[in-house]
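**Q** So that you have it, the file is data.cif, and it contains mmCIF, C-alpha atoms:
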```cif
data_run
#
loop_
_atom_site.label_atom_id
_atom_site.label_comp_id
_atom_site.auth_asym_id
_atom_site.auth_seq_id
_atom_site.Cartn_x
_atom_site.Cartn_y
_atom_site.Cartn_z
CA MET A 1 -26.43 -31.71 28.05
CA ASN A 2 -24.22 -30.72 25.12
CA ARG A 3 -24.91 -27.38 23.52
CA LEU A 4 -24.80 -27.06 19.76
CA LYS A 5 -21.80 -25.10 18.61
CA SER A 6 -22.01 -22.44 15.91
CA PRO A 7 -20.19 -23.16 12.62
CA ASP A 8 -17.63 -20.45 13.42
CA SER A 9 -16.74 -22.09 16.72
CA LEU A 10 -15.93 -25.33 14.93
CA ILE A 11 -13.32 -23.64 12.71
CA PRO A 12 -9.89 -23.38 14.35
CA LYS A 13 -8.60 -19.84 14.53
CA THR A 14 -5.33 -20.70 12.85
CA PRO A 15 -2.82 -18.03 11.94
CA SER A 16 -3.22 -18.90 8.26
CA LEU A 17 -6.99 -18.32 8.32
CA VAL A 18 -6.57 -14.99 10.08
CA SER A 19 -3.78 -14.00 7.69
CA ASP A 20 -5.93 -14.91 4.69
CA ALA A 21 -8.83 -12.86 6.04
CA TYR A 22 -6.50 -9.96 6.84
CA ARG A 23 -5.01 -9.95 3.34
CA ALA A 24 -8.41 -10.31 1.62
CA MET A 25 -9.92 -7.50 3.68
CA LYS A 26 -6.91 -5.22 3.21
CA ASP A 27 -6.90 -5.79 -0.55
CA ALA A 28 -10.64 -5.04 -0.69
CA ILE A 29 -10.06 -1.75 1.16
CA ARG A 30 -6.97 -0.80 -0.86
CA ASP A 31 -8.76 -1.42 -4.16
CA ASN A 32 -11.98 0.34 -3.02
CA VAL A 33 -14.12 -2.80 -3.07
CA PHE A 34 -14.97 -1.67 0.44
CA ALA A 35 -14.96 2.05 -0.26
CA PRO A 36 -14.26 4.76 2.34
CA GLY A 37 -17.29 5.13 4.57
CA TYR A 38 -18.54 1.61 3.90
CA GLN A 39 -20.21 0.18 6.99
CA GLY A 40 -21.25 -3.43 7.51
CA SER A 41 -21.45 -6.19 10.07
CA GLU A 42 -18.69 -8.73 10.50
CA GLN A 43 -21.06 -11.38 9.20
CA GLU A 44 -21.85 -9.35 6.07
CA ILE A 45 -18.15 -8.76 5.37
CA ALA A 46 -17.38 -12.45 5.93
CA LEU A 47 -20.10 -13.45 3.46
CA ARG A 48 -18.84 -11.01 0.83
CA LEU A 49 -15.33 -12.38 1.21
CA GLY A 50 -16.51 -15.99 1.29
CA MET A 51 -14.92 -16.55 4.70
CA SER A 52 -15.81 -17.50 8.23
CA ARG A 53 -16.65 -14.70 10.67
CA THR A 54 -14.10 -15.70 13.33
CA PRO A 55 -10.89 -15.02 11.33
CA VAL A 56 -12.54 -11.94 9.82
CA HIS A 57 -13.08 -10.60 13.34
CA GLU A 58 -9.41 -11.10 14.20
CA ALA A 59 -8.34 -9.53 10.91
CA LEU A 60 -10.48 -6.47 11.54
CA ILE A 61 -8.78 -5.92 14.89
CA ARG A 62 -5.43 -5.77 13.08
CA LEU A 63 -6.82 -3.43 10.43
CA GLN A 64 -8.18 -1.12 13.12
CA GLU A 65 -4.70 -0.93 14.66
CA GLU A 66 -3.39 0.14 11.24
CA GLY A 67 -5.98 2.91 10.92
CA LEU A 68 -7.90 1.40 8.00
CA VAL A 69 -11.17 0.58 9.81
CA ARG A 70 -12.98 1.36 13.03
CA ILE A 71 -14.91 -1.29 14.90
CA LEU A 72 -18.20 0.14 16.17
CA PRO A 73 -19.62 -1.81 19.15
CA LYS A 74 -22.92 -3.45 18.15
CA ARG A 75 -22.93 -1.52 14.85
CA GLY A 76 -20.32 -3.38 12.82
CA VAL A 77 -17.29 -1.93 11.09
CA VAL A 78 -16.70 1.26 9.11
CA VAL A 79 -13.92 1.76 6.55
CA LEU A 80 -12.14 4.98 7.46
CA ALA A 81 -11.81 7.77 4.94
CA LEU A 82 -8.80 10.01 4.39
CA SER A 83 -8.99 13.75 3.78
CA PRO A 84 -6.58 15.69 1.53
CA ASP A 85 -4.88 16.93 4.72
CA ASP A 86 -4.47 13.30 5.80
CA MET A 87 -2.88 12.55 2.44
CA ARG A 88 -0.44 15.41 2.87
CA GLU A 89 0.65 13.95 6.21
CA VAL A 90 0.89 10.47 4.67
CA TYR A 91 3.22 11.76 1.99
CA ASP A 92 5.35 13.59 4.55
CA VAL A 93 6.06 10.23 6.20
CA ILE A 94 6.55 8.34 2.93
CA ILE A 95 8.97 10.95 1.58
CA ALA A 96 11.14 10.77 4.66
CA LEU A 97 11.17 7.00 5.15
CA GLU A 98 11.36 5.92 1.53
CA GLY A 99 14.32 8.22 1.04
CA MET A 100 15.97 6.52 4.01
CA ALA A 101 15.22 3.08 2.52
CA ALA A 102 16.90 4.00 -0.76
CA GLU A 103 19.88 5.38 1.16
CA LEU A 104 20.22 2.19 3.21
CA ILE A 105 20.21 -0.02 0.12
CA ALA A 106 22.73 2.15 -1.72
CA ALA A 107 25.06 1.95 1.28
CA MET A 108 25.12 -1.87 1.15
CA ASP A 109 28.00 -3.85 -0.28
CA THR A 110 27.95 -4.35 -4.05
CA HIS A 111 27.10 -8.06 -3.84
CA MET A 112 24.05 -7.22 -1.70
CA ARG A 113 22.90 -4.36 -3.94
CA ARG A 114 23.17 -6.27 -7.19
CA PRO A 115 20.12 -8.60 -6.78
CA ILE A 116 18.01 -5.76 -5.40
CA VAL A 117 18.85 -3.61 -8.41
CA ALA A 118 17.90 -6.50 -10.70
CA GLU A 119 14.52 -6.88 -8.98
CA LEU A 120 13.79 -3.16 -9.17
CA GLU A 121 14.81 -2.98 -12.83
CA ALA A 122 12.56 -5.94 -13.67
CA ILE A 123 9.54 -4.26 -12.07
CA ASN A 124 10.29 -1.00 -13.84
CA ALA A 125 10.36 -2.92 -17.14
CA GLU A 126 6.93 -4.33 -16.31
CA MET A 127 5.65 -0.81 -15.70
CA LYS A 128 6.99 0.36 -19.05
CA THR A 129 5.31 -2.53 -20.88
CA ALA A 130 2.02 -1.90 -19.07
CA LEU A 131 2.04 1.75 -20.12
CA GLN A 132 2.79 0.83 -23.73
CA ARG A 133 -0.27 -1.42 -23.63
CA GLU A 134 -2.38 1.24 -21.88
CA GLU A 135 -2.91 -1.15 -18.94
CA LEU A 136 -3.06 1.37 -16.12
CA ASP A 137 -4.23 -1.08 -13.45
CA VAL A 138 -1.29 -3.38 -14.27
CA TRP A 139 1.03 -0.36 -14.16
CA ALA A 140 -0.34 0.69 -10.75
CA ARG A 141 0.15 -2.76 -9.24
CA ALA A 142 3.74 -2.91 -10.53
CA ASP A 143 4.41 0.60 -9.24
CA ASP A 144 3.14 -0.43 -5.81
CA ARG A 145 5.45 -3.47 -5.89
CA PHE A 146 8.45 -1.30 -6.80
CA HIS A 147 7.98 0.92 -3.77
CA ARG A 148 7.26 -1.96 -1.41
CA LEU A 149 10.34 -3.81 -2.62
CA LEU A 150 12.43 -0.70 -2.02
CA ILE A 151 11.18 -0.64 1.56
CA ASP A 152 11.45 -4.40 2.16
CA ARG A 153 15.02 -4.63 0.90
CA SER A 154 16.22 -1.78 3.13
CA GLY A 155 17.04 -4.24 5.90
CA ASN A 156 15.17 -2.17 8.50
CA ALA A 157 12.12 -4.12 9.71
CA ARG A 158 10.75 -1.26 11.83
CA LEU A 159 10.93 1.14 8.92
CA ALA A 160 9.13 -1.43 6.75
CA ARG A 161 6.27 -1.87 9.22
CA LEU A 162 5.74 1.89 9.48
CA VAL A 163 5.83 2.53 5.75
CA HIS A 164 3.66 -0.42 4.67
CA THR A 165 0.85 0.67 6.97
CA ILE A 166 0.82 4.20 5.64
CA MET A 167 1.27 3.09 2.02
CA ASP A 168 -1.91 1.04 2.36
CA GLN A 169 -3.71 4.23 3.34
CA SER A 170 -2.37 6.16 0.34
CA HIS A 171 -2.97 3.40 -2.22
CA ARG A 172 -6.71 4.09 -2.39
CA ALA A 173 -6.14 7.72 -3.38
CA ARG A 174 -3.71 6.65 -6.11
CA MET A 175 -6.23 4.17 -7.52
CA MET A 176 -9.13 6.66 -7.37
CA THR A 177 -7.15 9.26 -9.32
CA LEU A 178 -5.36 6.86 -11.66
CA ARG A 179 -7.39 7.87 -14.72
CA LEU A 180 -7.64 11.53 -13.79
CA ARG A 181 -3.91 12.13 -14.13
CA ALA A 182 -1.69 12.45 -17.16
CA LYS A 183 -0.09 9.22 -18.40
CA PRO A 184 2.48 8.40 -15.69
CA THR A 185 5.57 8.22 -17.88
CA LYS A 186 7.61 10.32 -15.42
CA SER A 187 7.46 7.60 -12.79
CA ILE A 188 9.47 5.15 -14.88
CA LYS A 189 12.24 7.71 -15.52
CA GLU A 190 12.32 8.68 -11.85
CA HIS A 191 12.48 5.04 -10.81
CA GLN A 192 15.44 4.60 -13.16
CA SER A 193 17.19 7.49 -11.44
CA ILE A 194 16.63 5.88 -8.02
CA VAL A 195 17.89 2.51 -9.25
CA GLY A 196 20.89 4.11 -10.95
CA ALA A 197 21.95 5.85 -7.75
CA ILE A 198 21.55 2.60 -5.78
CA LYS A 199 23.53 0.70 -8.42
CA SER A 200 26.41 3.17 -8.18
CA GLY A 201 26.37 3.05 -4.38
CA ASP A 202 25.65 6.77 -4.00
CA ALA A 203 23.54 6.77 -0.83
CA ALA A 204 22.90 10.52 -0.71
CA LEU A 205 21.83 10.63 -4.36
CA ALA A 206 19.56 7.59 -3.94
CA CYS A 207 17.84 9.27 -0.99
CA ASN A 208 17.48 12.51 -2.95
CA HIS A 209 15.98 10.84 -6.03
CA ALA A 210 13.54 8.79 -3.94
CA GLN A 211 12.35 11.86 -2.08
CA LEU A 212 12.05 13.99 -5.22
CA HIS A 213 9.98 11.23 -6.83
CA ARG A 214 7.52 11.11 -3.96
CA ARG A 215 7.35 14.90 -3.68
CA ARG A 216 6.45 15.13 -7.36
CA ALA A 217 3.74 12.49 -6.88
CA ARG A 218 2.35 14.41 -3.90
CA ASP A 219 2.37 17.70 -5.77
CA GLU A 220 0.46 16.06 -8.61
CA LEU A 221 -2.08 14.24 -6.46
CA LEU A 222 -3.13 16.88 -3.92
CA PRO A 223 -4.24 19.52 -6.47
CA LEU A 224 -6.26 16.81 -8.24
CA LEU A 225 -8.13 16.04 -5.04
CA GLU A 226 -8.97 19.73 -4.67
CA GLN A 227 -9.86 20.13 -8.34
CA PHE A 228 -12.36 17.27 -8.27
CA GLY A 229 -13.68 18.06 -4.81
CA MET A 230 -12.54 14.76 -3.28
CA LYS A 231 -12.94 15.42 0.42
CA HIS A 232 -13.00 11.81 1.60
CA LEU A 233 -10.82 9.05 0.16
#
```
The structure given in the file should be rewritten as structure tokens.

**A**
Amino acid sequence: MNRLKSPDSLIPKTPSLVSDAYRAMKDAIRDNVFAPGYQGSEQEIALRLGMSRTPVHEALIRLQEEGLVRILPKRGVVVLALSPDDMREVYDVIIALEGMAAELIAAMDTHMRRPIVAELEAINAEMKTALQREELDVWARADDRFHRLLIDRSGNARLARLVHTIMDQSHRARMMTLRLRAKPTKSIKEHQSIVGAIKSGDAALACNHAQLHRRRARDELLPLLEQFGMKHL
């Protein structure tokens, strides 16, 4: 006698479906659609994302490994929160590794640096336009792309995996405080300094500018969290 199969069991667990679910879930967490502390069943999350439960389950396992969620047996999934102390640790890692990424790019041959510089300059121009139009969300997405591109073009895949995971954790705090901070005009100037050092091939200066930029962002963000009593992000 043939048993009826559930709809989920009829859907092949292809890498593309899992990847789509992973990206959709990660974006929802990063942009606070699923806010810190949110708890729901896999089925509920799948319905909200308009996806099948099977790839969502696989995606959640990956997200748990990255420290974004915790799977609770028989109770669903909870989106993990970050404390201000967590954010301080996150920035310690980002400062060190992003400085190394900038150094690695600046040390490349001129013909390898040139297209990377062009990409970074194009994103920085997008950020400038977004600020002129008072489009902070557009600015924030471009800023995120700038930093991810810096990491991705470093040529160090292990460094990229480490930094992307921790940048996903910090992105929520940046978005939550986006409209609590002064207009982020300093970021564009600091980005230009990083790009300028890379363009000239000065590895030590590129590292220094990248680290100073992230330290300034940390020193701006952490007092804001304390000022507004944000204990869980």

**Q** Written as a PDB file with C-alpha atoms, in the frame of the given file, which residues does the PyMOL selection byres ((chain A and resi 156) around 12) give for the file shown?

**A**
```pdb
ATOM      1  CA  LEU A  97      11.170   7.000   5.150  1.00  0.00           C
ATOM      2  CA  GLU A  98      11.360   5.920   1.530  1.00  0.00           C
ATOM      3  CA  MET A 100      15.970   6.520   4.010  1.00  0.00           C
ATOM      4  CA  ALA A 101      15.220   3.080   2.520  1.00  0.00           C
ATOM      5  CA  ALA A 102      16.900   4.000  -0.760  1.00  0.00           C
ATOM      6  CA  GLU A 103      19.880   5.380   1.160  1.00  0.00           C
ATOM      7  CA  LEU A 104      20.220   2.190   3.210  1.00  0.00           C
ATOM      8  CA  ILE A 105      20.210  -0.020   0.120  1.00  0.00           C
ATOM      9  CA  LEU A 150      12.430  -0.700  -2.020  1.00  0.00           C
ATOM     10  CA  ILE A 151      11.180  -0.640   1.560  1.00  0.00           C
ATOM     11  CA  ASP A 152      11.450  -4.400   2.160  1.00  0.00           C
ATOM     12  CA  ARG A 153      15.020  -4.630   0.900  1.00  0.00           C
ATOM     13  CA  SER A 154      16.220  -1.780   3.130  1.00  0.00           C
ATOM     14  CA  GLY A 155      17.040  -4.240   5.900  1.00  0.00           C
ATOM     15  CA  ALA A 157      12.120  -4.120   9.710  1.00  0.00           C
ATOM     16  CA  ARG A 158      10.750  -1.260  11.830  1.00  0.00           C
ATOM     17  CA  LEU A 159      10.930   1.140   8.920  1.00  0.00           C
ATOM     18  CA  ALA A 160       9.130  -1.430   6.750  1.00  0.00           C
ATOM     19  CA  ARG A 161       6.270  -1.870   9.220  1.00  0.00           C
ATOM     20  CA  LEU A 162       5.740   1.890   9.480  1.00  0.00           C
ATOM     21  CA  VAL A 163       5.830   2.530   5.750  1.00  0.00           C
TER      22      VAL A 163
END
```

**Q** Taking all atoms listed in the file into account, name the residue in A:Ile61, A:Val90, A:Ile198, A:Leu212 that is nearest to Ser170 in chain A.

**A**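 Using all atoms listed in the file, Ser170 in chain A sits closest to A:Val90.
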
**Q** Find the residue from A:Glu220, A:Glu119, A:Asp144, A:Glu126 that sits nearest to Arg30 in chain A; use all atoms listed in the file when measuring.

**A**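 For Arg30 in chain A, the nearest of the given residues is A:Asp144.
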
**Q** Rank A:Lys128, A:Lys74, A:His164, A:His147 by their smallest atom-to-atom distance to Lys189 in chain A, using all atoms listed in the file, and report the top residue only.

**A** A:Lys128

**Q** What does the distance from CA of Ile166 in chain A to CA of Leu47 in chain A come to in Å, to one decimal?

**A**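 So the two atoms, CA of Ile166 in chain A and CA of Leu47 in chain A, lie 27.5 Å apart.
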
**Q** Spell out the residues picked by the PyMOL selection byres ((chain A and resi 38) around 9) here, as a PyMOL selection string.

**A** chain A and resi 34-37+39-40+77-80

**Q** Create the file for the chosen residues now, containing C-alpha atoms and written as a PDB file, keeping the file's coordinate frame.

**A**
```pdb
ATOM      1  CA  PHE A  34     -14.970  -1.670   0.440  1.00  0.00           C
ATOM      2  CA  ALA A  35     -14.960   2.050  -0.260  1.00  0.00           C
ATOM      3  CA  PRO A  36     -14.260   4.760   2.340  1.00  0.00           C
ATOM      4  CA  GLY A  37     -17.290   5.130   4.570  1.00  0.00           C
ATOM      5  CA  GLN A  39     -20.210   0.180   6.990  1.00  0.00           C
ATOM      6  CA  GLY A  40     -21.250  -3.430   7.510  1.00  0.00           C
ATOM      7  CA  VAL A  77     -17.290  -1.930  11.090  1.00  0.00           C
ATOM      8  CA  VAL A  78     -16.700   1.260   9.110  1.00  0.00           C
ATOM      9  CA  VAL A  79     -13.920   1.760   6.550  1.00  0.00           C
ATOM     10  CA  LEU A  80     -12.140   4.980   7.460  1.00  0.00           C
TER      11      LEU A  80
END
```

**Q** Exactly which residues make up the result of the PyMOL selection byres ((chain A and resi 202) around 12) on this file, given as a PyMOL selection string?

**A** chain A and resi 102-110+113+193-201+203-209

**Q** Could you work out how far CA of Phe146 in chain A lies from CA of His213 in chain A, giving the answer in Å with one decimal?

**A**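 Distance reported for this atom pair: 12.6 Å.
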
**Q** Rounded to one decimal, what separation in Å do you get between CA of Asn32 in chain A and CA of Val93 in chain A?

**A**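 Between CA of Asn32 in chain A and CA of Val93 in chain A the gap is 22.5 Å.
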
**Q** Would you please work out which residue, of A:Arg179, A:Arg172, A:Arg133, A:Lys186, is nearest to Met87 in chain A when using only C-alpha atoms?

**A**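 The shortest atom-to-atom distance to Met87 in chain A comes from A:Arg172.
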
**Q** Output requested as a PDB file, in the frame of the given file - range 196-222 of chain A, filled out with N, CA and C atoms.

**A**
```
ATOM      1  N   GLY A 196      19.538   3.765 -10.518  1.00  0.00           N
ATOM      2  CA  GLY A 196      20.890   4.110 -10.950  1.00  0.00           C
ATOM      3  C   GLY A 196      21.765   4.564  -9.799  1.00  0.00           C
ATOM      4  N   ALA A 197      21.191   5.373  -8.902  1.00  0.00           N
ATOM      5  CA  ALA A 197      21.950   5.850  -7.750  1.00  0.00           C
ATOM      6  C   ALA A 197      22.281   4.701  -6.798  1.00  0.00           C
ATOM      7  N   ILE A 198      21.304   3.778  -6.623  1.00  0.00           N
ATOM      8  CA  ILE A 198      21.550   2.600  -5.780  1.00  0.00           C
ATOM      9  C   ILE A 198      22.648   1.738  -6.402  1.00  0.00           C
ATOM     10  N   LYS A 199      22.564   1.548  -7.713  1.00  0.00           N
ATOM     11  CA  LYS A 199      23.530   0.700  -8.420  1.00  0.00           C
ATOM     12  C   LYS A 199      24.952   1.243  -8.276  1.00  0.00           C
ATOM     13  N   SER A 200      25.087   2.557  -8.288  1.00  0.00           N
ATOM     14  CA  SER A 200      26.410   3.170  -8.180  1.00  0.00           C
ATOM     15  C   SER A 200      26.883   3.287  -6.734  1.00  0.00           C
ATOM     16  N   GLY A 201      25.994   2.978  -5.789  1.00  0.00           N
ATOM     17  CA  GLY A 201      26.370   3.050  -4.380  1.00  0.00           C
ATOM     18  C   GLY A 201      26.393   4.450  -3.812  1.00  0.00           C
ATOM     19  N   ASP A 202      25.702   5.383  -4.464  1.00  0.00           N
ATOM     20  CA  ASP A 202      25.650   6.770  -4.000  1.00  0.00           C
ATOM     21  C   ASP A 202      24.435   6.933  -3.081  1.00  0.00           C
ATOM     22  N   ALA A 203      24.643   6.772  -1.791  1.00  0.00           N
ATOM     23  CA  ALA A 203      23.540   6.770  -0.830  1.00  0.00           C
ATOM     24  C   ALA A 203      22.795   8.106  -0.793  1.00  0.00           C
ATOM     25  N   ALA A 204      23.534   9.210  -0.784  1.00  0.00           N
ATOM     26  CA  ALA A 204      22.900  10.520  -0.710  1.00  0.00           C
ATOM     27  C   ALA A 204      22.052  10.795  -1.946  1.00  0.00           C
ATOM     28  N   LEU A 205      22.566  10.415  -3.116  1.00  0.00           N
ATOM     29  CA  LEU A 205      21.830  10.630  -4.360  1.00  0.00           C
ATOM     30  C   LEU A 205      20.594   9.739  -4.419  1.00  0.00           C
ATOM     31  N   ALA A 206      20.712   8.502  -3.947  1.00  0.00           N
ATOM     32  CA  ALA A 206      19.560   7.590  -3.940  1.00  0.00           C
ATOM     33  C   ALA A 206      18.450   8.151  -3.062  1.00  0.00           C
ATOM     34  N   CYS A 207      18.818   8.651  -1.896  1.00  0.00           N
ATOM     35  CA  CYS A 207      17.840   9.270  -0.990  1.00  0.00           C
ATOM     36  C   CYS A 207      17.183  10.473  -1.663  1.00  0.00           C
ATOM     37  N   ASN A 208      17.996  11.307  -2.295  1.00  0.00           N
ATOM     38  CA  ASN A 208      17.480  12.510  -2.950  1.00  0.00           C
ATOM     39  C   ASN A 208      16.504  12.175  -4.063  1.00  0.00           C
ATOM     40  N   HIS A 209      16.851  11.213  -4.920  1.00  0.00           N
ATOM     41  CA  HIS A 209      15.980  10.840  -6.030  1.00  0.00           C
ATOM     42  C   HIS A 209      14.662  10.228  -5.518  1.00  0.00           C
ATOM     43  N   ALA A 210      14.747   9.404  -4.487  1.00  0.00           N
ATOM     44  CA  ALA A 210      13.540   8.790  -3.940  1.00  0.00           C
ATOM     45  C   ALA A 210      12.609   9.850  -3.357  1.00  0.00           C
ATOM     46  N   GLN A 211      13.181  10.813  -2.673  1.00  0.00           N
ATOM     47  CA  GLN A 211      12.350  11.860  -2.080  1.00  0.00           C
ATOM     48  C   GLN A 211      11.766  12.793  -3.132  1.00  0.00           C
ATOM     49  N   LEU A 212      12.557  13.142  -4.138  1.00  0.00           N
ATOM     50  CA  LEU A 212      12.050  13.990  -5.220  1.00  0.00           C
ATOM     51  C   LEU A 212      10.891  13.309  -5.955  1.00  0.00           C
ATOM     52  N   HIS A 213      11.019  12.000  -6.151  1.00  0.00           N
ATOM     53  CA  HIS A 213       9.980  11.230  -6.830  1.00  0.00           C
ATOM     54  C   HIS A 213       8.665  11.287  -6.058  1.00  0.00           C
ATOM     55  N   ARG A 214       8.738  11.092  -4.770  1.00  0.00           N
ATOM     56  CA  ARG A 214       7.520  11.110  -3.960  1.00  0.00           C
ATOM     57  C   ARG A 214       6.961  12.522  -3.796  1.00  0.00           C
ATOM     58  N   ARG A 215       7.834  13.516  -3.749  1.00  0.00           N
ATOM     59  CA  ARG A 215       7.350  14.900  -3.680  1.00  0.00           C
ATOM     60  C   ARG A 215       6.596  15.266  -4.957  1.00  0.00           C
ATOM     61  N   ARG A 216       7.134  14.845  -6.095  1.00  0.00           N
ATOM     62  CA  ARG A 216       6.450  15.130  -7.360  1.00  0.00           C
ATOM     63  C   ARG A 216       5.092  14.442  -7.404  1.00  0.00           C
ATOM     64  N   ALA A 217       5.015  13.203  -6.921  1.00  0.00           N
ATOM     65  CA  ALA A 217       3.740  12.490  -6.880  1.00  0.00           C
ATOM     66  C   ALA A 217       2.745  13.205  -5.971  1.00  0.00           C
ATOM     67  N   ARG A 218       3.215  13.659  -4.823  1.00  0.00           N
ATOM     68  CA  ARG A 218       2.350  14.410  -3.900  1.00  0.00           C
ATOM     69  C   ARG A 218       1.841  15.693  -4.533  1.00  0.00           C
ATOM     70  N   ASP A 219       2.743  16.415  -5.181  1.00  0.00           N
ATOM     71  CA  ASP A 219       2.370  17.700  -5.770  1.00  0.00           C
ATOM     72  C   ASP A 219       1.456  17.544  -6.981  1.00  0.00           C
ATOM     73  N   GLU A 220       1.393  16.350  -7.522  1.00  0.00           N
ATOM     74  CA  GLU A 220       0.460  16.060  -8.610  1.00  0.00           C
ATOM     75  C   GLU A 220      -0.888  15.612  -8.062  1.00  0.00           C
ATOM     76  N   LEU A 221      -0.849  14.820  -6.995  1.00  0.00           N
ATOM     77  CA  LEU A 221      -2.080  14.240  -6.460  1.00  0.00           C
ATOM     78  C   LEU A 221      -2.938  15.249  -5.699  1.00  0.00           C
ATOM     79  N   LEU A 222      -2.338  16.010  -4.800  1.00  0.00           N
ATOM     80  CA  LEU A 222      -3.130  16.880  -3.920  1.00  0.00           C
ATOM     81  C   LEU A 222      -3.948  17.919  -4.686  1.00  0.00           C
TER      82      LEU A 222
END
```
